[in-house]
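Below is the file work32.csv, which contains CSV, C-alpha atoms.
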```csv
chain,number,residue,atom,x,y,z
A,1,MET,CA,105.8,-33.6,-62.8
A,2,ARG,CA,108.7,-32.3,-60.8
A,3,MET,CA,111.4,-34.4,-59.3
A,4,LYS,CA,111.2,-34.9,-55.5
A,5,PRO,CA,113.9,-33.2,-53.4
A,6,LEU,CA,115.6,-36.5,-52.5
A,7,GLU,CA,115.7,-37.5,-56.2
A,8,ILE,CA,117.4,-34.2,-57.1
A,9,ILE,CA,120.0,-34.5,-54.3
A,10,GLU,CA,120.7,-38.1,-55.3
A,11,LYS,CA,121.2,-37.1,-58.9
A,12,ILE,CA,123.6,-34.4,-57.8
A,13,THR,CA,125.5,-36.9,-55.7
A,14,ARG,CA,125.7,-39.4,-58.5
A,15,SER,CA,126.9,-36.7,-61.0
A,16,PHE,CA,129.8,-35.8,-58.7
A,17,ILE,CA,130.8,-39.4,-58.1
A,18,GLU,CA,130.6,-40.3,-61.8
A,19,LYS,CA,132.6,-37.2,-62.9
A,20,LEU,CA,135.2,-36.9,-60.1
A,21,GLY,CA,135.5,-40.4,-58.6
A,22,ASN,CA,137.7,-40.6,-55.6
A,23,ALA,CA,138.1,-36.7,-55.5
A,24,VAL,CA,134.8,-36.5,-53.7
A,25,GLU,CA,133.8,-38.3,-50.5
A,26,ASN,CA,131.8,-38.2,-47.3
A,27,PHE,CA,128.4,-37.3,-48.7
A,28,GLU,CA,125.9,-36.3,-46.1
A,29,ILE,CA,122.3,-35.7,-47.2
A,30,TYR,CA,120.1,-33.7,-44.8
A,31,ASN,CA,117.2,-31.3,-44.3
A,32,ILE,CA,115.0,-33.0,-46.9
A,33,VAL,CA,111.5,-31.4,-46.8
A,34,ASP,CA,108.5,-31.6,-49.1
A,35,TYR,CA,105.4,-29.7,-48.0
A,36,PRO,CA,102.8,-29.6,-50.7
A,37,HIS,CA,100.0,-27.6,-48.9
A,38,PRO,CA,99.0,-24.9,-48.0
A,39,VAL,CA,102.1,-23.3,-49.4
A,40,GLN,CA,104.3,-25.5,-51.5
A,41,TYR,CA,107.8,-25.7,-50.1
A,42,TRP,CA,110.5,-28.3,-50.7
A,43,GLY,CA,114.2,-28.5,-50.5
A,44,GLY,CA,117.2,-30.3,-49.1
A,45,SER,CA,121.0,-30.2,-48.8
A,46,VAL,CA,124.0,-32.3,-49.5
A,47,LYS,CA,127.5,-31.7,-48.0
A,48,PHE,CA,130.6,-33.5,-49.2
A,49,LYS,CA,134.4,-33.2,-49.2
A,50,ILE,CA,136.2,-32.5,-52.5
A,51,TYR,CA,139.9,-33.2,-53.0
A,52,ASN,CA,140.2,-34.0,-49.3
A,53,PHE,CA,140.5,-30.2,-48.9
A,54,TYR,CA,137.2,-28.4,-48.9
A,55,ALA,CA,133.7,-29.1,-47.9
A,56,ILE,CA,131.0,-28.2,-50.5
A,57,VAL,CA,127.4,-27.6,-49.6
A,58,ILE,CA,124.7,-27.8,-52.2
A,59,SER,CA,121.2,-26.6,-51.0
A,60,LEU,CA,118.0,-26.5,-53.0
A,61,GLU,CA,114.8,-24.8,-52.2
A,62,CYS,CA,111.8,-24.8,-54.6
A,63,GLU,CA,113.7,-24.9,-57.9
A,64,LYS,CA,116.7,-22.8,-56.7
A,65,LEU,CA,120.1,-24.4,-56.2
A,66,TRP,CA,122.9,-22.8,-54.2
A,67,ILE,CA,126.4,-24.1,-54.1
A,68,TYR,CA,129.0,-22.8,-51.7
A,69,ILE,CA,132.1,-23.6,-49.7
A,70,PRO,CA,131.4,-22.9,-46.0
A,71,ASN,CA,134.1,-20.5,-44.7
A,72,LEU,CA,134.3,-20.8,-40.9
A,73,HIS,CA,137.4,-18.6,-40.6
A,74,ASP,CA,135.9,-15.2,-41.3
A,75,GLY,CA,132.2,-16.1,-41.1
A,76,GLY,CA,131.5,-15.8,-44.8
A,77,ASP,CA,130.7,-18.5,-47.3
A,78,ILE,CA,132.4,-18.6,-50.7
A,79,LYS,CA,129.5,-18.8,-53.3
A,80,ILE,CA,130.2,-20.9,-56.3
A,81,SER,CA,126.9,-21.0,-58.1
A,82,ASN,CA,123.2,-20.2,-58.0
A,83,ASN,CA,121.1,-22.0,-60.5
A,84,ASN,CA,117.6,-23.2,-61.4
A,85,CYS,CA,117.0,-27.0,-60.8
A,86,SER,CA,114.6,-27.4,-63.7
A,87,THR,CA,117.1,-26.1,-66.3
A,88,MET,CA,120.3,-27.5,-64.7
A,89,ASP,CA,123.0,-29.1,-66.8
A,90,TRP,CA,124.4,-31.5,-64.2
A,91,ASP,CA,127.7,-32.1,-66.1
A,92,LYS,CA,128.3,-28.4,-66.3
A,93,LEU,CA,127.5,-28.0,-62.6
A,94,VAL,CA,130.2,-30.5,-61.7
A,95,GLU,CA,132.7,-28.9,-64.0
A,96,GLU,CA,132.0,-25.4,-62.6
A,97,VAL,CA,132.4,-26.6,-59.0
A,98,LYS,CA,135.6,-28.5,-59.9
A,99,GLU,CA,137.1,-25.4,-61.6
A,100,GLU,CA,136.2,-23.0,-58.8
A,101,VAL,CA,137.6,-25.3,-56.1
A,102,GLN,CA,140.8,-26.0,-58.1
A,103,LEU,CA,141.4,-22.2,-58.3
A,104,ARG,CA,141.6,-22.2,-54.5
A,105,ILE,CA,143.9,-25.2,-54.0
A,106,PRO,CA,147.6,-25.1,-54.9
A,107,ASP,CA,148.5,-27.1,-58.0
A,108,LYS,CA,151.3,-28.7,-56.1
A,109,TYR,CA,148.8,-30.3,-53.7
A,110,LEU,CA,146.5,-31.5,-56.5
A,111,ILE,CA,149.4,-33.0,-58.4
A,112,ALA,CA,150.9,-34.7,-55.2
A,113,LYS,CA,147.5,-36.3,-54.4
A,114,GLY,CA,147.0,-37.4,-58.0
A,115,TYR,CA,144.0,-35.2,-58.8
A,116,LYS,CA,145.7,-33.4,-61.6
```
Show me this structure written as structure tokens.
Amino acid sequence: MRMKPLEIIEKITRSFIEKLGNAVENFEIYNIVDYPHPVQYWGGSVKFKIYNFYAIVISLECEKLWIYIPNLHDGGDIKISNNNCSTMDWDKLVEEVKEEVQLRIPDKYLIAKGYK
């Protein structure tokens, strides 16, 4: 039996809080849907702030998981990952997001704020 969309989103949220603590905040869960018939469709999203610097959006849709940093300056998003929910290693996901975000933030900022 598959996990419900809200259960997956809550698992993602807990994973980030457990691994990154106060480096993540302002979680917003939205667009949770679960339509079993006539065509099975389910999904949802969570948005949060990381290192008080970037917003991260994680969206899932029928076993697919997209992670990106919304980029409002030039209209394009920065894609971090695209994975399958059923085979997801949640710890690896958090580490991947952490590494990709840290590449985009100056070390001086991370050190000054106590994140590194």
Figure out the distance between atom CA of Met3 of chain A and atom CA of Val97 of chain A, please, to one decimal in Å.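 Calculated distance between atom CA of Val97 of chain A and atom CA of Met3 of chain A is 22.4 Å.
A straight line drawn from atom CA of Asn52 of chain A to atom CA of Asn84 of chain A is 27.8 Å long.
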Selected residue of minimal separation from Asp89 of chain A among A:Leu6, A:Ile32, A:Ile69, A:Ile12, counting all atoms listed in the file: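 Among A:Leu6, A:Ile32, A:Ile69, A:Ile12, it is A:Ile12 that comes nearest to Asp89 of chain A.
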Could you name the residues that touch Gln40 of chain A at 12 Å or less, counting all atoms listed in the file, but leaving out those on the same chain fewer than 6 positions away, as an MDAnalysis selection string? chainID A and resid 33:34 61:63
Just write the chosen residues, C-alpha atoms, as a short mmCIF file (atom, residue, chain, number, x, y, z; two decimals), in the coordinates of the input.
```cif
data_model
loop_
_atom_site.label_atom_id
_atom_site.label_comp_id
_atom_site.auth_asym_id
_atom_site.auth_seq_id
_atom_site.Cartn_x
_atom_site.Cartn_y
_atom_site.Cartn_z
CA VAL A 33 111.50 -31.40 -46.80
CA ASP A 34 108.50 -31.60 -49.10
CA GLU A 61 114.80 -24.80 -52.20
CA CYS A 62 111.80 -24.80 -54.60
CA GLU A 63 113.70 -24.90 -57.90
#
```
Residue with the minimum atom-to-atom distance to Ala55 of chain A, picked from A:Val101, A:Ile8, A:Val94, A:Leu20 with all atoms listed in the file counted, is A:Val101
Residues at most 10 Å from Ser81 of chain A, counting only C-alpha atoms, excluding those fewer than 4 positions away in the same chain, as JSON, numbers by chain? {"A": [58, 65, 66, 67, 68, 93, 96, 97, 100]}
For Phe48 of chain A, which residue out of A:Ile78, A:Ile9, A:Leu60, A:Ala112 is the nearest one, using all atoms listed in the file?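 Nearest candidate to Phe48 of chain A out of A:Ile78, A:Ile9, A:Leu60, A:Ala112: A:Ile9.
Each of A:Lys98, A:Tyr51, A:Ser59, A:Phe27 was compared to Ile111 of chain A using only C-alpha atoms, and A:Tyr51 turns out to be the nearest.
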Distance query 6 Å from (140.9, -32.9, -56.8) using only C-alpha atoms, result as a VMD selection string: chain A and resid 23 51 110 115
May I ask for the distance between atom CA of Asp77 of chain A and atom CA of Val39 of chain A, given in Å to one decimal place?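 Computed distance, atom CA of Asp77 of chain A to atom CA of Val39 of chain A, equals 29.1 Å.
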What would the list of residues within 6 Å of (124.9, -36.5, -48.4) (file frame) look like as a count of residues only, if only C-alpha atoms are what count? 5
Given the choices A:Pro5, A:Lys19, A:Gly114, A:Arg14, which gets closest to Lys92 of chain A if the distance is worked out from only C-alpha atoms?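 Checking each candidate against Lys92 of chain A, we get A:Lys19 as the closest.
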